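Shown next: final.pdb, containing PDB, C-alpha atoms, pLDDT in the B column.
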ATOM      1  CA  MET A   1      14.109   4.125  -3.772  1.00 81.00           C
ATOM      2  CA  THR A   2      12.373   3.786  -0.413  1.00 94.00           C
ATOM      3  CA  VAL A   3       9.411   1.526   0.282  1.00 95.00           C
ATOM      4  CA  LYS A   4       7.193   4.584   0.628  1.00 96.00           C
ATOM      5  CA  ASN A   5       8.362   6.067  -2.673  1.00 96.00           C
ATOM      6  CA  LYS A   6       7.758   2.774  -4.497  1.00 96.00           C
ATOM      7  CA  ILE A   7       4.231   2.551  -3.125  1.00 97.00           C
ATOM      8  CA  ILE A   8       3.445   6.186  -3.903  1.00 96.00           C
ATOM      9  CA  GLU A   9       4.710   5.672  -7.447  1.00 96.00           C
ATOM     10  CA  TRP A  10       2.487   2.588  -7.808  1.00 97.00           C
ATOM     11  CA  PHE A  11      -0.571   4.550  -6.640  1.00 96.00           C
ATOM     12  CA  GLU A  12       0.239   7.459  -8.957  1.00 95.00           C
ATOM     13  CA  THR A  13       0.566   5.113 -11.921  1.00 95.00           C
ATOM     14  CA  GLN A  14      -2.556   3.154 -11.013  1.00 92.00           C
ATOM     15  CA  SER A  15      -4.779   6.155 -10.300  1.00 93.00           C
ATOM     16  CA  GLY A  16      -3.292   8.783 -12.602  1.00 93.00           C
ATOM     17  CA  GLN A  17      -3.255  11.196  -9.657  1.00 92.00           C
ATOM     18  CA  LYS A  18      -0.311  13.116  -8.189  1.00 93.00           C
ATOM     19  CA  ASN A  19       0.261  14.651  -4.744  1.00 92.00           C
ATOM     20  CA  ILE A  20      -1.410  11.743  -2.992  1.00 94.00           C
ATOM     21  CA  ASP A  21      -2.288  12.116   0.692  1.00 96.00           C
ATOM     22  CA  THR A  22      -0.401   9.230   2.294  1.00 96.00           C
ATOM     23  CA  LYS A  23      -2.209   9.576   5.626  1.00 97.00           C
ATOM     24  CA  SER A  24      -5.751   9.230   4.243  1.00 96.00           C
ATOM     25  CA  ASN A  25      -7.634   6.095   3.287  1.00 95.00           C
ATOM     26  CA  TYR A  26      -6.775   5.275  -0.314  1.00 94.00           C
ATOM     27  CA  PHE A  27     -10.185   3.713  -0.961  1.00 91.00           C
ATOM     28  CA  GLU A  28     -11.972   6.860   0.222  1.00 93.00           C
ATOM     29  CA  GLN A  29      -9.669   8.973  -1.962  1.00 92.00           C
ATOM     30  CA  GLY A  30     -10.751   6.905  -4.961  1.00 91.00           C
ATOM     31  CA  LEU A  31      -7.185   5.844  -5.707  1.00 93.00           C
ATOM     32  CA  ILE A  32      -8.037   2.146  -6.009  1.00 90.00           C
ATOM     33  CA  ASP A  33     -11.009  -0.162  -5.716  1.00 87.00           C
ATOM     34  CA  SER A  34     -11.355  -3.621  -4.241  1.00 83.00           C
ATOM     35  CA  PHE A  35     -10.071  -5.285  -7.424  1.00 88.00           C
ATOM     36  CA  ASP A  36      -6.909  -3.167  -7.397  1.00 92.00           C
ATOM     37  CA  VAL A  37      -6.032  -4.422  -3.910  1.00 91.00           C
ATOM     38  CA  ILE A  38      -4.931  -7.738  -5.402  1.00 92.00           C
ATOM     39  CA  MET A  39      -2.546  -5.952  -7.747  1.00 95.00           C
ATOM     40  CA  LEU A  40      -1.275  -3.781  -4.895  1.00 95.00           C
ATOM     41  CA  MET A  41      -0.569  -6.828  -2.737  1.00 94.00           C
ATOM     42  CA  ASP A  42       1.158  -8.613  -5.592  1.00 95.00           C
ATOM     43  CA  PHE A  43       3.287  -5.519  -6.217  1.00 97.00           C
ATOM     44  CA  CYS A  44       4.227  -5.138  -2.541  1.00 96.00           C
ATOM     45  CA  GLU A  45       4.987  -8.805  -2.046  1.00 95.00           C
ATOM     46  CA  SER A  46       7.157  -9.079  -5.152  1.00 96.00           C
ATOM     47  CA  GLU A  47       8.903  -5.690  -4.915  1.00 95.00           C
ATOM     48  CA  MET A  48       9.440  -5.649  -1.148  1.00 94.00           C
ATOM     49  CA  SER A  49       9.943  -9.391  -0.609  1.00 94.00           C
ATOM     50  CA  VAL A  50       7.231  -9.712   2.049  1.00 96.00           C
ATOM     51  CA  THR A  51       4.233 -11.982   2.481  1.00 95.00           C
ATOM     52  CA  PHE A  52       0.999 -10.627   3.884  1.00 94.00           C
ATOM     53  CA  SER A  53      -1.256 -12.655   6.146  1.00 92.00           C
ATOM     54  CA  GLU A  54      -4.815 -12.105   7.278  1.00 89.00           C
ATOM     55  CA  VAL A  55      -3.474 -10.219  10.280  1.00 91.00           C
ATOM     56  CA  GLN A  56      -2.045  -7.480   8.053  1.00 90.00           C
ATOM     57  CA  PHE A  57      -5.224  -7.248   5.957  1.00 84.00           C
ATOM     58  CA  GLU A  58      -7.270  -6.721   9.117  1.00 89.00           C
ATOM     59  CA  ASP A  59      -4.885  -4.083  10.490  1.00 93.00           C
ATOM     60  CA  ARG A  60      -6.487  -0.604  10.329  1.00 93.00           C
ATOM     61  CA  ARG A  61      -3.204   0.808   9.062  1.00 95.00           C
ATOM     62  CA  PHE A  62      -3.567  -1.253   5.896  1.00 93.00           C
ATOM     63  CA  SER A  63      -5.899   1.324   4.294  1.00 94.00           C
ATOM     64  CA  THR A  64      -3.385   4.181   4.150  1.00 96.00           C
ATOM     65  CA  ILE A  65      -0.062   4.416   2.363  1.00 97.00           C
ATOM     66  CA  ASP A  66       1.756   5.410   5.556  1.00 97.00           C
ATOM     67  CA  GLY A  67       0.171   2.494   7.395  1.00 97.00           C
ATOM     68  CA  LEU A  68       1.007   0.072   4.606  1.00 97.00           C
ATOM     69  CA  VAL A  69       4.620   1.254   4.689  1.00 97.00           C
ATOM     70  CA  ASP A  70       4.700   0.656   8.469  1.00 96.00           C
ATOM     71  CA  ILE A  71       3.335  -2.862   8.016  1.00 96.00           C
ATOM     72  CA  ILE A  72       5.871  -3.669   5.296  1.00 96.00           C
ATOM     73  CA  GLN A  73       8.744  -2.329   7.382  1.00 95.00           C
ATOM     74  CA  GLU A  74       7.598  -4.453  10.328  1.00 95.00           C
ATOM     75  CA  LEU A  75       7.442  -7.540   8.098  1.00 94.00           C
ATOM     76  CA  LYS A  76      10.956  -6.789   6.860  1.00 91.00           C
ATOM     77  CA  GLY A  77      12.193  -6.286  10.431  1.00 89.00           C
ATOM     78  CA  GLU A  78      13.118  -2.640   9.865  1.00 81.00           C
TER
END

Since I need it in another form, could you write the structure as structure tokens?
Amino acid sequence: MTVKNKIIEWFETQSGQKNIDTKSNYFEQGLIDSFDVIMLMDFCESEMSVTFSEVQFEDRRFSTIDGLVDIIQELKGE
């Protein structure tokens, strides 16, 4: 399963929604709230073997699934 598919599956499970727009802000879509971000980061770090820093949290791409996938792939050197 790809990084993107894992993250989409997490969002679908968390939000109960399907056909998620991966290019739009997931907060604005109502997929997660600020408390869920901690669970998302824990999931990404444990499942994808990456560690986020403040730099990634401040990156504008962080608020979309596609952007998050890009960040993770960069951290993994892909």

>> Evaluate the PyMOL selection byres ((chain A and resi 65) around 10) against this structure - the residues, as a ChimeraX atom specification, please.
In response: /A:4-5,7-8,11,20-26,61-64,66-71

> Looking at all atoms listed in the file, which of A:Asp59, A:Ile72, A:Glu9, A:Glu28 is the one that sits closest to Ser46 of chain A?
Replying inline: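 Result for the nearest residue to Ser46 of chain A: A:Ile72.
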
> Could you name the residues that touch Phe43 of chain A at 9 Å or less, counting only C-alpha atoms, but leaving out those on the same chain fewer than 4 positions away, as a list in words?
Replying inline: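 Returned residues: Ile7, Trp10, Ile38, Met39, Glu47 and Met48 of chain A.
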
>> Report, in Å with one decimal, the straight-line distance from atom CA of Gly30 of chain A to atom CA of Lys18 of chain A.
In response: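 Those two atoms sit 12.6 Å apart.
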
> Pick from A:Ile32, A:Gln56, A:Phe27, A:Ser49: nearest to Glu12 of chain A, with only C-alpha atoms counted?
Replying inline: A:Ile32

>> One number please: atom CA of Asp33 of chain A to atom CA of Met1 of chain A, in Å, one decimal.
In response: 25.6 Å

> How many Å lie between atom CA of Glu58 of chain A and atom CA of Glu78 of chain A, rounded to one decimal?
Replying inline: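 According to the coordinates, atom CA of Glu58 of chain A and atom CA of Glu78 of chain A are separated by 20.8 Å.
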
> Of the candidates A:Gln14, A:Gln29, A:Gln73, A:Thr2, which one gets nearest to Val50 of chain A if we count all atoms listed in the file?
Replying inline: A:Gln73

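Distances from A:Cys44, A:Gln17, A:Phe35, A:Lys6 to Lys76 of chain A were compared using only C-alpha atoms, and the smallest one belongs to A:Cys44.
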
Keeping C-alpha atoms (and nothing else), can you write chain A of this structure as a PDB file, in the first residue's frame?
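selection.pdb, written as the output of this step:
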ATOM      1  CA  MET A   1       0.000   0.000   0.000  1.00  0.00           C
ATOM      2  CA  THR A   2       1.358   3.426  -0.912  1.00  0.00           C
ATOM      3  CA  VAL A   3       1.901   6.267   1.537  1.00  0.00           C
ATOM      4  CA  LYS A   4      -0.986   8.150  -0.050  1.00  0.00           C
ATOM      5  CA  ASN A   5      -3.342   5.177   0.205  1.00  0.00           C
ATOM      6  CA  LYS A   6      -2.462   4.648   3.877  1.00  0.00           C
ATOM      7  CA  ILE A   7      -3.159   8.289   4.666  1.00  0.00           C
ATOM      8  CA  ILE A   8      -6.417   8.335   2.710  1.00  0.00           C
ATOM      9  CA  GLU A   9      -7.526   5.196   4.538  1.00  0.00           C
ATOM     10  CA  TRP A  10      -6.695   6.835   7.886  1.00  0.00           C
ATOM     11  CA  PHE A  11      -8.761   9.915   6.989  1.00  0.00           C
ATOM     12  CA  GLU A  12     -11.675   7.781   5.789  1.00  0.00           C
ATOM     13  CA  THR A  13     -11.656   5.794   9.021  1.00  0.00           C
ATOM     14  CA  GLN A  14     -11.266   8.882  11.192  1.00  0.00           C
ATOM     15  CA  SER A  15     -13.905  10.993   9.448  1.00  0.00           C
ATOM     16  CA  GLY A  16     -16.307   8.339   8.185  1.00  0.00           C
ATOM     17  CA  GLN A  17     -16.214  10.023   4.772  1.00  0.00           C
ATOM     18  CA  LYS A  18     -15.290   8.517   1.397  1.00  0.00           C
ATOM     19  CA  ASN A  19     -14.070  10.106  -1.848  1.00  0.00           C
ATOM     20  CA  ILE A  20     -11.882  12.582  -0.004  1.00  0.00           C
ATOM     21  CA  ASP A  21     -10.417  15.502  -1.956  1.00  0.00           C
ATOM     22  CA  THR A  22      -6.677  15.059  -1.434  1.00  0.00           C
ATOM     23  CA  LYS A  23      -5.828  18.506  -2.809  1.00  0.00           C
ATOM     24  CA  SER A  24      -8.039  20.492  -0.413  1.00  0.00           C
ATOM     25  CA  ASN A  25      -7.359  21.501   3.165  1.00  0.00           C
ATOM     26  CA  TYR A  26      -8.484  18.659   5.409  1.00  0.00           C
ATOM     27  CA  PHE A  27      -9.392  21.023   8.251  1.00  0.00           C
ATOM     28  CA  GLU A  28     -11.655  23.068   5.972  1.00  0.00           C
ATOM     29  CA  GLN A  29     -13.264  19.851   4.705  1.00  0.00           C
ATOM     30  CA  GLY A  30     -14.106  18.954   8.302  1.00  0.00           C
ATOM     31  CA  LEU A  31     -12.166  15.699   8.103  1.00  0.00           C
ATOM     32  CA  ILE A  32     -10.251  16.302  11.337  1.00  0.00           C
ATOM     33  CA  ASP A  33      -9.912  18.909  14.045  1.00  0.00           C
ATOM     34  CA  SER A  34      -6.897  20.181  15.931  1.00  0.00           C
ATOM     35  CA  PHE A  35      -7.018  17.279  18.404  1.00  0.00           C
ATOM     36  CA  ASP A  36      -6.956  14.720  15.588  1.00  0.00           C
ATOM     37  CA  VAL A  37      -3.695  16.174  14.264  1.00  0.00           C
ATOM     38  CA  ILE A  38      -1.815  14.493  17.105  1.00  0.00           C
ATOM     39  CA  MET A  39      -3.259  11.123  16.136  1.00  0.00           C
ATOM     40  CA  LEU A  40      -2.483  11.778  12.472  1.00  0.00           C
ATOM     41  CA  MET A  41       1.137  12.615  13.268  1.00  0.00           C
ATOM     42  CA  ASP A  42       1.493   9.564  15.479  1.00  0.00           C
ATOM     43  CA  PHE A  43       0.043   7.402  12.700  1.00  0.00           C
ATOM     44  CA  CYS A  44       2.343   8.873  10.038  1.00  0.00           C
ATOM     45  CA  GLU A  45       5.446   8.676  12.183  1.00  0.00           C
ATOM     46  CA  SER A  46       4.848   5.077  13.240  1.00  0.00           C
ATOM     47  CA  GLU A  47       3.518   3.733   9.921  1.00  0.00           C
ATOM     48  CA  MET A  48       5.912   5.589   7.617  1.00  0.00           C
ATOM     49  CA  SER A  49       8.971   5.626   9.895  1.00  0.00           C
ATOM     50  CA  VAL A  50       9.459   9.402   9.735  1.00  0.00           C
ATOM     51  CA  THR A  51       9.841  12.114  12.349  1.00  0.00           C
ATOM     52  CA  PHE A  52       8.236  15.494  11.840  1.00  0.00           C
ATOM     53  CA  SER A  53       9.855  18.717  12.982  1.00  0.00           C
ATOM     54  CA  GLU A  54       8.484  22.216  13.345  1.00  0.00           C
ATOM     55  CA  VAL A  55       9.571  22.915   9.781  1.00  0.00           C
ATOM     56  CA  GLN A  56       7.110  20.348   8.417  1.00  0.00           C
ATOM     57  CA  PHE A  57       4.268  21.597  10.634  1.00  0.00           C
ATOM     58  CA  GLU A  58       4.786  25.123   9.313  1.00  0.00           C
ATOM     59  CA  ASP A  59       4.912  23.983   5.677  1.00  0.00           C
ATOM     60  CA  ARG A  60       1.737  25.055   3.817  1.00  0.00           C
ATOM     61  CA  ARG A  61       1.583  21.637   2.184  1.00  0.00           C
ATOM     62  CA  PHE A  62       0.975  20.067   5.585  1.00  0.00           C
ATOM     63  CA  SER A  63      -2.765  20.873   5.466  1.00  0.00           C
ATOM     64  CA  THR A  64      -3.600  18.704   2.450  1.00  0.00           C
ATOM     65  CA  ILE A  65      -3.244  14.973   1.957  1.00  0.00           C
ATOM     66  CA  ASP A  66      -1.226  15.435  -1.238  1.00  0.00           C
ATOM     67  CA  GLY A  67       1.057  17.895   0.532  1.00  0.00           C
ATOM     68  CA  LEU A  68       1.466  15.611   3.525  1.00  0.00           C
ATOM     69  CA  VAL A  69       2.397  12.755   1.194  1.00  0.00           C
ATOM     70  CA  ASP A  70       5.017  15.001  -0.465  1.00  0.00           C
ATOM     71  CA  ILE A  71       6.485  15.915   2.919  1.00  0.00           C
ATOM     72  CA  ILE A  72       6.637  12.274   4.016  1.00  0.00           C
ATOM     73  CA  GLN A  73       8.275  11.216   0.760  1.00  0.00           C
ATOM     74  CA  GLU A  74      10.868  13.975   1.165  1.00  0.00           C
ATOM     75  CA  LEU A  75      11.585  12.838   4.731  1.00  0.00           C
ATOM     76  CA  LYS A  76      12.000   9.272   3.482  1.00  0.00           C
ATOM     77  CA  GLY A  77      14.294  10.439   0.671  1.00  0.00           C
ATOM     78  CA  GLU A  78      11.948   9.254  -2.078  1.00  0.00           C
TER      79      GLU A  78
END
